[in-house]
Amino acid sequence: MSTRPGLWLCAFGAAVAVFLIAPSVIVVVMSFSSGKILLFPPPGFGVEWYANFFRSEEWVGSALNSLEIALLSSMLATVLGTVTAFGLVRGRPRTAQITNAIMLSPLIVPLVVTAIGMYFTYHMLGLGAYAGIVAAHTTLGLPYVVVTVAASLYGLDADLELAARNLGANPWRGFFRITLPLIMPGVAIGGIFAFVSSWDEVVVALFLTTPTLRTLPVTMWEQTKSTVDPTIAAASSLLTTFTLFLLLISVTLRRFSAGMAKERVA
Amino acid sequence: MTVRGLVAENGAAAMRRRSSNSSGDMVGWRRDWLVIPGLAVILIFFIAPLGVMVWRSLTDPSPYNYVRFADEAVYPRVLLTTLWMTSLVTLNCLLLGYPYAYLMHRVTRNWQWLLAMVVLLPFWSSLLVRTYAWTILLRDGGLINTVLIGIGVIDDPIRLMGNATGTIVGMTHVLLPFMVLPIIASMRRFDSDLSLAASGLGARPIAIFWRIFFPMSLPGVMAGCLLVFVLAVGFYITPAILGGRTAFFSMLIVVQVSRLLEFGFGSALGIILLAVILVIIALGSKLVRLDDLVGHSGR
Amino acid sequence: MTKLMCLVARKLMRSALALGVCLPLAPWFSSSQAVAEDVTLTFASFGGALQKAEEAGWLQPFMEANPGVKVIYDSVDYAKMKAMVEANNVVWDVAVVANDFGMAADEPLLEKIDCSVVPCDQLQPENYVTTGYRVPCCTSGLAIGYNTTKMPDGKAPQGWVDFFDVSAFPGKRVVMMDASSYVFEQALLGDGIAPKELYPLDLDRAVKKLNSLGDDLVIAPSYQGCAELIATGEVVMGGCWTGRLNGVKYDGGAPVELQWNQGIVSPGYLVVPKGTKNKEWAMKLVAFITSTEHNAGYSKYIDYGPANVNALEMVEPDKKDRLQSSYLDKSVFLDDLWYDKNRADVNKRFTEWLAGMQ
């Protein structure tokens, strides 16, 4: 951060930013449409589709289900994934190669095939719909956490932990006081990936959900199979706003604790 | 400590990383068992179901499923198209994502948060809805074509969807965050004192970037490319909506499983796709190591 | 981001405790059986706007007529149905499927329809082929939709031959993106084959006809997108599902007209998955839905017609000209017996065509 970024870099970054948010902007505009179908530009503006969303038990209920399942499974994935990545990178088990392949497999295997396998297997294990979908989404989120945390650990100087150890810290203390704060960006990003992978997952959810336990993507999927009305756009815009809100809160919190965090990292 | 020494020290640490890692219990305690819980979860809840389907691909009706893949020319052909498109998407993500991540690294904290928000925002709207929004932008009478015609750049609309362009644009958009975030994570660890020191010695900014900064961000780049590539190969919804006549391999699997109810053949197609990806990852991991070496001993 | 995750994690602690409780309990919840004489049926269909119509037109009246019976709604998926039956964990009692399901190949997954309860003979057996394991519930299908502002001097396409006639009707056409949307039938009808002589489909000839349109042929991004491309005038006409065309015409107010001549009928069918725990009630529900009195019940809420011949008269007059069931004399019917044996081939040929192989 010694020099300010060049003009070209800024222009390029702005272009990428536009590319990233353009579809979201379109969705927000359409959500205020007064028309009955998703046409752009909308024939007029109104908030009836938002009212429609909140009136509908189906939409609100499935949104809450999704939130709960995504939070639970991403948290499980974050804890398990961080521990696994630590074991992989620092422990270097003799079976690292194969372990790595197995941990990454949920990313690679086409979900439509595994979804059916999961249905059969979970049924044999006696898992209900709720436990089944949390288990499935935990496995889908795990590889994201492992990849990003492992990348952070590789870049981290192992000598730091060694130094802490030499200074008398026990391994757990060393991990929680030195390593974890340093790899936290990787852990957080992995956790976000895991959250989103559950939040937006439709293929496995279609198989594992039941009439009484639906997730938001399943509801959306059904909607797009029949008539697409702007309620979907409204639901989507609400989520975007919700995210923005969460991020703003975290920025504020960060401001408060910035000094402390800086001290710890340095 | 001299600056040269600092640079050398850092490079050496990077080199040592691999060698020191190989001694499992260098700080006096074994940590390889830490992989067991995660491994167990994946084995029980993911690999076992996969095993059920592997079994199925061999017995429903017979291992002939695998011969059938090779026998019917359309399957290998679509597989090759899929891999080619996936490579293009990965390249696109890298070309757009790296400068963006670099910019994020260079700006002040407030700007950093804004840029991070922009990356994360699309995540939270459903893939279905986002893809739908792209059709509004890309189609013949869509926003982009209307604007281009309006300002006189083109006379007739250009085909932006219903072909490979649509698939690549849509998939790049969906996958770009998966490239940017790991790169950011790796850049964050970059010690800015290092570049300060190097520029103090008279190194040009470009040289600092390519000799020091870029090599150090490579693990993030590799993680990003790996993520984007493996995610892209299995894509279904985006190519189905934006790709038109550009068939993606996963679309064939969905047709077999969901339409024709051929669980055996559908599984076999899935397993073949999995095998191809594993080979590519194996090849890729060799490349990563090569790049790593080039990066760290470039001087 | 770090702080965000911490915040989320802290909020999560409560949910984590909940999970600890839920994990062991969930199996019992999921397999909870209906108590005593109360019956809960699960009706699986395609959801969305269709769900509202099906609930208001069929399921609510059924529950009113049968106190103590509750019908809940789920989303249908063929593969899931197959998995349910194989795992002997059948949750659905009645399912709505399209005409690509429920023939001989799928019989192992289905209960035979009990025609002593269900009015099978009123359900147009001459038009809608079954092997006794499904009955039609509703008439839908696809037809040519065209943008009236893009038609040369007041002309309108009269059938699929006009659809493929680029000199008389210049401009782009849209067709749908899956083999289950009968693109090959459209091409063969466009090549002048009589509706009665369509089967067996000459796939090579169909592909040739489709390719003759060259760049004027657009593949729809989705069922809805098919109708929207016509509505916005980006294509002059298209072969789309009539429900979607009616949607942009009546709800969207777009200058779109439908040519019902040579519309391709693709009805919905009711099936009862094998191993349902409420077979008797399932048959009663099927009978209720297909009955003269109630079959047209849902046409009030959605542009799909009844399958029961006697129920056609129950449709409100102003709704009638929006329904494919009012134009059956001009329509083309699919040969599901032929499809039952050749579906894999048709799909493969369609994929090859999509992949650019000739």
# chains A, B, ... in the order shown; residues from 1 in each chain; ligands from 1
>>> interface_residues(of="chain C", to="chain B", cutoff="10 Å", atoms="only C-alpha atoms", output="NGL selection string")
:C and (1 or 77-83 or 100-101 or 105-106 or 176-180 or 218-223 or 225 or 229 or 232-235 or 343-344 or 347-349 or 351-357)
>>> residues_around(residues="region 90-96 of chain B", least_positions_apart="2", cutoff="6 Å", atoms="only C-alpha atoms", output="list of chain:residue names")
B:Ser87, B:Leu88, B:Tyr98, B:Thr172, B:Leu176, B:Val228, B:Phe229
>>> closest_atom_pairs(of="chain B", to="chain A", cutoff="7 Å", atoms="only C-alpha atoms", output="JSON lines")
{"residue": "B:Asn21", "atom": "CA", "partner": "A:Arg90", "partner_atom": "CA", "distance": 6.2}
{"residue": "B:Ser22", "atom": "CA", "partner": "A:Arg92", "partner_atom": "CA", "distance": 6.4}
{"residue": "B:Gly24", "atom": "CA", "partner": "A:Gly91", "partner_atom": "CA", "distance": 5.1}
{"residue": "B:Asp25", "atom": "CA", "partner": "A:Gly91", "partner_atom": "CA", "distance": 6.8}
{"residue": "B:Val27", "atom": "CA", "partner": "A:Leu162", "partner_atom": "CA", "distance": 6.0}
{"residue": "B:Arg30", "atom": "CA", "partner": "A:Gly91", "partner_atom": "CA", "distance": 6.3}
{"residue": "B:Arg31", "atom": "CA", "partner": "A:Gly91", "partner_atom": "CA", "distance": 4.3}
{"residue": "B:Asp32", "atom": "CA", "partner": "A:Gly91", "partner_atom": "CA", "distance": 4.0}
{"residue": "B:Trp33", "atom": "CA", "partner": "A:Gly87", "partner_atom": "CA", "distance": 6.5}
{"residue": "B:Leu34", "atom": "CA", "partner": "A:Gly87", "partner_atom": "CA", "distance": 4.6}
{"residue": "B:Val35", "atom": "CA", "partner": "A:Thr84", "partner_atom": "CA", "distance": 4.2}
{"residue": "B:Pro37", "atom": "CA", "partner": "A:Leu80", "partner_atom": "CA", "distance": 6.8}
{"residue": "B:Gly38", "atom": "CA", "partner": "A:Leu80", "partner_atom": "CA", "distance": 5.3}
{"residue": "B:Leu39", "atom": "CA", "partner": "A:Met103", "partner_atom": "CA", "distance": 6.6}
{"residue": "B:Val41", "atom": "CA", "partner": "A:Thr139", "partner_atom": "CA", "distance": 7.0}
{"residue": "B:Ile42", "atom": "CA", "partner": "A:Thr139", "partner_atom": "CA", "distance": 5.7}
{"residue": "B:Phe45", "atom": "CA", "partner": "A:Ala136", "partner_atom": "CA", "distance": 6.5}
{"residue": "B:Phe46", "atom": "CA", "partner": "A:Thr139", "partner_atom": "CA", "distance": 6.5}
{"residue": "B:Pro49", "atom": "CA", "partner": "A:Gly117", "partner_atom": "CA", "distance": 4.2}
{"residue": "B:Leu50", "atom": "CA", "partner": "A:Thr114", "partner_atom": "CA", "distance": 5.5}
{"residue": "B:Val52", "atom": "CA", "partner": "A:Gly117", "partner_atom": "CA", "distance": 5.7}
{"residue": "B:Met53", "atom": "CA", "partner": "A:Gly117", "partner_atom": "CA", "distance": 5.7}
{"residue": "B:Leu96", "atom": "CA", "partner": "A:Val16", "partner_atom": "CA", "distance": 6.6}
{"residue": "B:Pro99", "atom": "CA", "partner": "A:Leu9", "partner_atom": "CA", "distance": 6.9}
{"residue": "B:Tyr100", "atom": "CA", "partner": "A:Gly13", "partner_atom": "CA", "distance": 5.1}
{"residue": "B:Leu103", "atom": "CA", "partner": "A:Leu9", "partner_atom": "CA", "distance": 6.6}
{"residue": "B:Arg106", "atom": "CA", "partner": "A:Met1", "partner_atom": "CA", "distance": 5.2}
{"residue": "B:Val107", "atom": "CA", "partner": "A:Pro5", "partner_atom": "CA", "distance": 7.0}
{"residue": "B:Val118", "atom": "CA", "partner": "A:Ala17", "partner_atom": "CA", "distance": 6.3}
{"residue": "B:Val119", "atom": "CA", "partner": "A:Leu20", "partner_atom": "CA", "distance": 6.7}
{"residue": "B:Leu121", "atom": "CA", "partner": "A:Thr240", "partner_atom": "CA", "distance": 6.3}
{"residue": "B:Pro122", "atom": "CA", "partner": "A:Ser24", "partner_atom": "CA", "distance": 6.3}
{"residue": "B:Phe123", "atom": "CA", "partner": "A:Val196", "partner_atom": "CA", "distance": 6.7}
{"residue": "B:Trp124", "atom": "CA", "partner": "A:Thr240", "partner_atom": "CA", "distance": 5.6}
{"residue": "B:Ser125", "atom": "CA", "partner": "A:Ser236", "partner_atom": "CA", "distance": 4.9}
{"residue": "B:Ser126", "atom": "CA", "partner": "A:Asp200", "partner_atom": "CA", "distance": 5.9}
{"residue": "B:Leu127", "atom": "CA", "partner": "A:Asp200", "partner_atom": "CA", "distance": 6.8}
{"residue": "B:Val129", "atom": "CA", "partner": "A:Ala233", "partner_atom": "CA", "distance": 6.9}
{"residue": "B:Arg130", "atom": "CA", "partner": "A:Pro23", "partner_atom": "CA", "distance": 5.9}
{"residue": "B:Ala133", "atom": "CA", "partner": "A:Pro23", "partner_atom": "CA", "distance": 5.2}
{"residue": "B:Trp134", "atom": "CA", "partner": "A:Pro23", "partner_atom": "CA", "distance": 6.1}
{"residue": "B:Ile136", "atom": "CA", "partner": "A:Phe40", "partner_atom": "CA", "distance": 6.8}
{"residue": "B:His173", "atom": "CA", "partner": "A:Leu20", "partner_atom": "CA", "distance": 6.3}
{"residue": "B:Leu181", "atom": "CA", "partner": "A:Ile189", "partner_atom": "CA", "distance": 6.9}
{"residue": "B:Pro182", "atom": "CA", "partner": "A:Thr148", "partner_atom": "CA", "distance": 6.2}
{"residue": "B:Ala185", "atom": "CA", "partner": "A:Gly186", "partner_atom": "CA", "distance": 5.9}
{"residue": "B:Ser186", "atom": "CA", "partner": "A:Ser152", "partner_atom": "CA", "distance": 6.5}
{"residue": "B:Ser192", "atom": "CA", "partner": "A:Met1", "partner_atom": "CA", "distance": 6.8}
{"residue": "B:Leu196", "atom": "CA", "partner": "A:Ser2", "partner_atom": "CA", "distance": 6.7}
{"residue": "B:Pro219", "atom": "CA", "partner": "A:Ala151", "partner_atom": "CA", "distance": 6.2}
{"residue": "B:Gly220", "atom": "CA", "partner": "A:Ala151", "partner_atom": "CA", "distance": 6.4}
{"residue": "B:Ala223", "atom": "CA", "partner": "A:Val147", "partner_atom": "CA", "distance": 6.7}
{"residue": "B:Val230", "atom": "CA", "partner": "A:Ile108", "partner_atom": "CA", "distance": 5.5}
{"residue": "B:Leu231", "atom": "CA", "partner": "A:Leu107", "partner_atom": "CA", "distance": 6.4}
{"residue": "B:Gly234", "atom": "CA", "partner": "A:Pro110", "partner_atom": "CA", "distance": 5.5}
{"residue": "B:Val254", "atom": "CA", "partner": "A:Val112", "partner_atom": "CA", "distance": 6.6}
{"residue": "B:Ser267", "atom": "CA", "partner": "A:Val113", "partner_atom": "CA", "distance": 5.7}
{"residue": "B:Gly270", "atom": "CA", "partner": "A:Pro110", "partner_atom": "CA", "distance": 6.0}
{"residue": "B:Leu274", "atom": "CA", "partner": "A:Val109", "partner_atom": "CA", "distance": 5.7}
>>> residues_around(residues="region 299-301 of chain C", least_positions_apart="2", cutoff="9 Å", atoms="only C-alpha atoms", output="JSON, numbers by chain")
{"C": [49, 50, 52, 53, 54, 56, 57, 295, 296, 297, 303, 304, 305, 306, 315, 316, 319, 323]}
>>> write_last_selection(atoms="N, CA and C atoms", output="PDB file, in the first residue's frame")
ATOM      1  N   ALA C  49     -47.693 -21.683  -9.794  1.00  0.00           N
ATOM      2  CA  ALA C  49     -49.064 -21.240 -10.057  1.00  0.00           C
ATOM      3  C   ALA C  49     -49.988 -22.442 -10.161  1.00  0.00           C
ATOM      4  N   LEU C  50     -49.434 -23.553 -10.640  1.00  0.00           N
ATOM      5  CA  LEU C  50     -50.216 -24.774 -10.766  1.00  0.00           C
ATOM      6  C   LEU C  50     -50.692 -25.235  -9.392  1.00  0.00           C
ATOM      7  N   LYS C  52     -51.429 -23.469  -6.734  1.00  0.00           N
ATOM      8  CA  LYS C  52     -52.575 -22.694  -6.249  1.00  0.00           C
ATOM      9  C   LYS C  52     -53.850 -23.200  -6.904  1.00  0.00           C
ATOM     10  N   ALA C  53     -53.768 -23.446  -8.204  1.00  0.00           N
ATOM     11  CA  ALA C  53     -54.954 -23.904  -8.933  1.00  0.00           C
ATOM     12  C   ALA C  53     -55.377 -25.293  -8.462  1.00  0.00           C
ATOM     13  N   GLU C  54     -54.391 -26.164  -8.274  1.00  0.00           N
ATOM     14  CA  GLU C  54     -54.713 -27.534  -7.872  1.00  0.00           C
ATOM     15  C   GLU C  54     -55.291 -27.573  -6.456  1.00  0.00           C
ATOM     16  N   ALA C  56     -56.860 -25.034  -4.869  1.00  0.00           N
ATOM     17  CA  ALA C  56     -58.177 -24.390  -4.813  1.00  0.00           C
ATOM     18  C   ALA C  56     -59.218 -25.194  -5.582  1.00  0.00           C
ATOM     19  N   GLY C  57     -58.806 -25.775  -6.705  1.00  0.00           N
ATOM     20  CA  GLY C  57     -59.769 -26.439  -7.568  1.00  0.00           C
ATOM     21  C   GLY C  57     -60.054 -27.890  -7.200  1.00  0.00           C
ATOM     22  N   ASN C 295     -63.372 -32.100 -12.258  1.00  0.00           N
ATOM     23  CA  ASN C 295     -62.186 -32.088 -13.125  1.00  0.00           C
ATOM     24  C   ASN C 295     -61.884 -30.675 -13.649  1.00  0.00           C
ATOM     25  N   ALA C 296     -62.914 -29.931 -13.968  1.00  0.00           N
ATOM     26  CA  ALA C 296     -62.695 -28.580 -14.503  1.00  0.00           C
ATOM     27  C   ALA C 296     -62.502 -27.563 -13.392  1.00  0.00           C
ATOM     28  N   GLY C 297     -62.562 -28.027 -12.138  1.00  0.00           N
ATOM     29  CA  GLY C 297     -62.501 -27.109 -11.004  1.00  0.00           C
ATOM     30  C   GLY C 297     -61.294 -26.193 -11.038  1.00  0.00           C
ATOM     31  N   ASP C 303     -54.815 -21.712 -16.899  1.00  0.00           N
ATOM     32  CA  ASP C 303     -55.257 -21.971 -18.269  1.00  0.00           C
ATOM     33  C   ASP C 303     -54.989 -23.403 -18.720  1.00  0.00           C
ATOM     34  N   TYR C 304     -55.371 -24.363 -17.937  1.00  0.00           N
ATOM     35  CA  TYR C 304     -55.301 -25.752 -18.374  1.00  0.00           C
ATOM     36  C   TYR C 304     -56.705 -26.326 -18.324  1.00  0.00           C
ATOM     37  N   GLY C 305     -57.011 -27.160 -19.300  1.00  0.00           N
ATOM     38  CA  GLY C 305     -58.363 -27.679 -19.416  1.00  0.00           C
ATOM     39  C   GLY C 305     -58.521 -29.022 -18.757  1.00  0.00           C
ATOM     40  N   PRO C 306     -59.770 -29.472 -18.585  1.00  0.00           N
ATOM     41  CA  PRO C 306     -60.026 -30.787 -18.004  1.00  0.00           C
ATOM     42  C   PRO C 306     -59.725 -31.901 -19.009  1.00  0.00           C
ATOM     43  N   VAL C 315     -66.562 -25.741 -17.781  1.00  0.00           N
ATOM     44  CA  VAL C 315     -65.632 -24.612 -17.831  1.00  0.00           C
ATOM     45  C   VAL C 315     -66.404 -23.327 -18.095  1.00  0.00           C
ATOM     46  N   GLU C 316     -66.023 -22.274 -17.395  1.00  0.00           N
ATOM     47  CA  GLU C 316     -66.688 -20.991 -17.611  1.00  0.00           C
ATOM     48  C   GLU C 316     -66.503 -20.548 -19.054  1.00  0.00           C
ATOM     49  N   LYS C 319     -63.513 -18.567 -20.291  1.00  0.00           N
ATOM     50  CA  LYS C 319     -62.221 -19.248 -20.127  1.00  0.00           C
ATOM     51  C   LYS C 319     -61.973 -20.220 -21.288  1.00  0.00           C
ATOM     52  N   LEU C 323     -58.275 -22.451 -23.529  1.00  0.00           N
ATOM     53  CA  LEU C 323     -57.849 -23.803 -23.147  1.00  0.00           C
ATOM     54  C   LEU C 323     -57.664 -24.697 -24.359  1.00  0.00           C
TER      55      LEU C 323
END
>>> residues_around(residues="Thr59 (chain B)", least_positions_apart="2", cutoff="12 Å", atoms="only C-alpha atoms", output="list in words")
Val52, Met53, Val54, Trp55, Arg56, Ser57, Pro61, Ser62, Pro63, Tyr64, Asn65, Tyr66, Glu262, Phe263, Gly264, Phe265, Ser267 and Ala268 of chain B
>>> residues_around(residues="Phe163 (chain C)", least_positions_apart="2", cutoff="8 Å", atoms="only C-alpha atoms", output="VMD selection string")
chain C and resid 144 157 159 to 161 165 to 166 169 173 190 237 to 238
>>> select_by_dssp(residues="region 64-306 of chain C", states="strand (DSSP E or B)", output="tab-separated table (two decimals) with C-alpha atoms, in the first residue's frame")
chain	number	residue	atom	x	y	z
C	69	VAL	CA	-58.57	-36.31	5.44
C	70	LYS	CA	-55.76	-33.85	4.99
C	71	VAL	CA	-53.94	-33.40	1.70
C	72	ILE	CA	-50.51	-31.80	1.67
C	73	TYR	CA	-48.59	-30.68	-1.38
C	74	ASP	CA	-45.11	-31.61	-2.56
C	75	SER	CA	-42.98	-31.09	-5.65
C	94	VAL	CA	-50.88	-39.27	-5.79
C	95	ALA	CA	-48.54	-37.61	-8.25
C	96	VAL	CA	-49.07	-35.54	-11.38
C	97	VAL	CA	-46.69	-36.43	-14.21
C	110	LEU	CA	-46.82	-47.61	-9.99
C	135	VAL	CA	-55.13	-41.51	-16.05
C	136	PRO	CA	-55.14	-38.06	-17.65
C	137	CYS	CA	-56.16	-35.24	-15.35
C	138	CYS	CA	-55.74	-32.20	-17.47
C	139	THR	CA	-55.18	-30.98	-20.98
C	141	GLY	CA	-49.75	-28.65	-24.60
C	142	LEU	CA	-47.85	-26.42	-26.94
C	143	ALA	CA	-48.86	-24.36	-29.93
C	144	ILE	CA	-47.53	-21.72	-32.27
C	145	GLY	CA	-47.52	-18.30	-30.68
C	146	TYR	CA	-46.80	-15.26	-32.84
C	147	ASN	CA	-46.25	-11.57	-32.34
C	173	ARG	CA	-38.42	-18.51	-34.52
C	174	VAL	CA	-37.97	-20.02	-31.10
C	175	VAL	CA	-38.31	-23.68	-30.14
C	217	LEU	CA	-33.81	-20.79	-35.21
C	218	VAL	CA	-33.42	-19.77	-31.56
C	219	ILE	CA	-33.40	-22.18	-28.63
C	237	MET	CA	-43.08	-16.75	-33.57
C	238	GLY	CA	-42.36	-19.84	-31.55
C	239	GLY	CA	-43.54	-23.26	-30.44
C	240	CYS	CA	-44.18	-22.74	-26.72
C	241	TRP	CA	-46.36	-24.15	-23.96
C	256	VAL	CA	-49.20	-12.26	-28.84
C	257	GLU	CA	-51.74	-14.56	-30.51
C	258	LEU	CA	-51.98	-18.34	-30.45
C	259	GLN	CA	-52.56	-20.57	-33.45
C	260	TRP	CA	-54.44	-23.50	-31.98
C	261	ASN	CA	-54.42	-25.41	-35.27
C	262	GLN	CA	-51.91	-28.28	-35.02
C	263	GLY	CA	-51.33	-27.58	-31.37
C	264	ILE	CA	-49.53	-30.54	-29.82
C	265	VAL	CA	-51.44	-31.95	-26.85
C	268	GLY	CA	-50.91	-34.23	-17.39
C	269	TYR	CA	-51.51	-37.64	-15.85
C	270	LEU	CA	-52.24	-38.86	-12.34
C	271	VAL	CA	-50.31	-41.82	-10.99
C	273	PRO	CA	-46.68	-44.65	-6.60
C	305	GLY	CA	-58.36	-27.68	-19.42
C	306	PRO	CA	-60.03	-30.79	-18.00
>>> select_by_dssp(residues="region 43-223 of chain A", states="helix (DSSP H, G or I)", output="number ranges by chain")
A: 48-55, 57-91, 96-108, 111-125, 129-155, 158-166, 171-199, 203-208, 216-223
>>> closest_residue(among="C:Asp318, C:Glu228, C:Glu197, C:Asp202", to="chain A", atoms="only C-alpha atoms")
C:Glu228
>>> residues_around(residues="Ile154 (chain B)", least_positions_apart="6", cutoff="12 Å", atoms="only C-alpha atoms", output="tab-separated table (two decimals) with C-alpha atoms, in the first residue's frame")
chain	number	residue	atom	x	y	z
B	144	ILE	CA	-26.69	-4.60	-23.87
B	145	ASN	CA	-27.80	-4.93	-27.47
B	146	THR	CA	-30.28	-2.06	-27.12
B	147	VAL	CA	-27.59	0.22	-25.75
B	148	LEU	CA	-25.02	-0.80	-28.37
>>> closest_residue(among="C:Gly214, C:Gly253, C:Gly48, C:Pro317", to="chain A", atoms="only C-alpha atoms")
C:Gly48
>>> residues_around(residues="region 86-93 of chain C", least_positions_apart="6", cutoff="8 Å", atoms="only C-alpha atoms", output="list in words")
Phe120 and His123 of chain A; Leu41, Thr42, Phe43, Ala44, Val272, Pro273, Lys274, Gly275, Thr276, Lys277, Asn278, Lys279 and Ala282 of chain C
>>> write_last_selection(atoms="C-alpha atoms", output="PDB file, in the first residue's frame")
ATOM      1  CA  PHE A 120     -30.838 -44.379  -0.340  1.00  0.00           C
ATOM      2  CA  HIS A 123     -32.736 -43.761   4.539  1.00  0.00           C
TER       3      HIS A 123
ATOM      4  CA  LEU C  41     -52.355 -37.746   1.830  1.00  0.00           C
ATOM      5  CA  THR C  42     -49.469 -36.233  -0.091  1.00  0.00           C
ATOM      6  CA  PHE C  43     -50.193 -34.869  -3.531  1.00  0.00           C
ATOM      7  CA  ALA C  44     -47.076 -34.225  -5.624  1.00  0.00           C
ATOM      8  CA  VAL C 272     -50.224 -43.631  -7.652  1.00  0.00           C
ATOM      9  CA  PRO C 273     -46.683 -44.646  -6.599  1.00  0.00           C
ATOM     10  CA  LYS C 274     -46.297 -48.320  -5.741  1.00  0.00           C
ATOM     11  CA  GLY C 275     -46.248 -48.984  -2.013  1.00  0.00           C
ATOM     12  CA  THR C 276     -48.281 -45.985  -0.878  1.00  0.00           C
ATOM     13  CA  LYS C 277     -49.647 -46.523   2.601  1.00  0.00           C
ATOM     14  CA  ASN C 278     -53.018 -45.025   1.647  1.00  0.00           C
ATOM     15  CA  LYS C 279     -53.791 -46.744  -1.623  1.00  0.00           C
ATOM     16  CA  ALA C 282     -55.235 -42.292  -3.182  1.00  0.00           C
TER      17      ALA C 282
END
>>> closest_residue(among="B:Ala232, B:Val174, B:Leu128, B:Ile36", to="Leu83 (chain B)", atoms="only C-alpha atoms")
B:Ala232
>>> atom_distance(atom1="CA of Ile47 (chain B)", atom2="CA of Ile98 (chain A)")
12.8 Å
>>> atom_distance(atom1="CA of Ile158 (chain B)", atom2="CA of Gly171 (chain C)")
14.9 Å
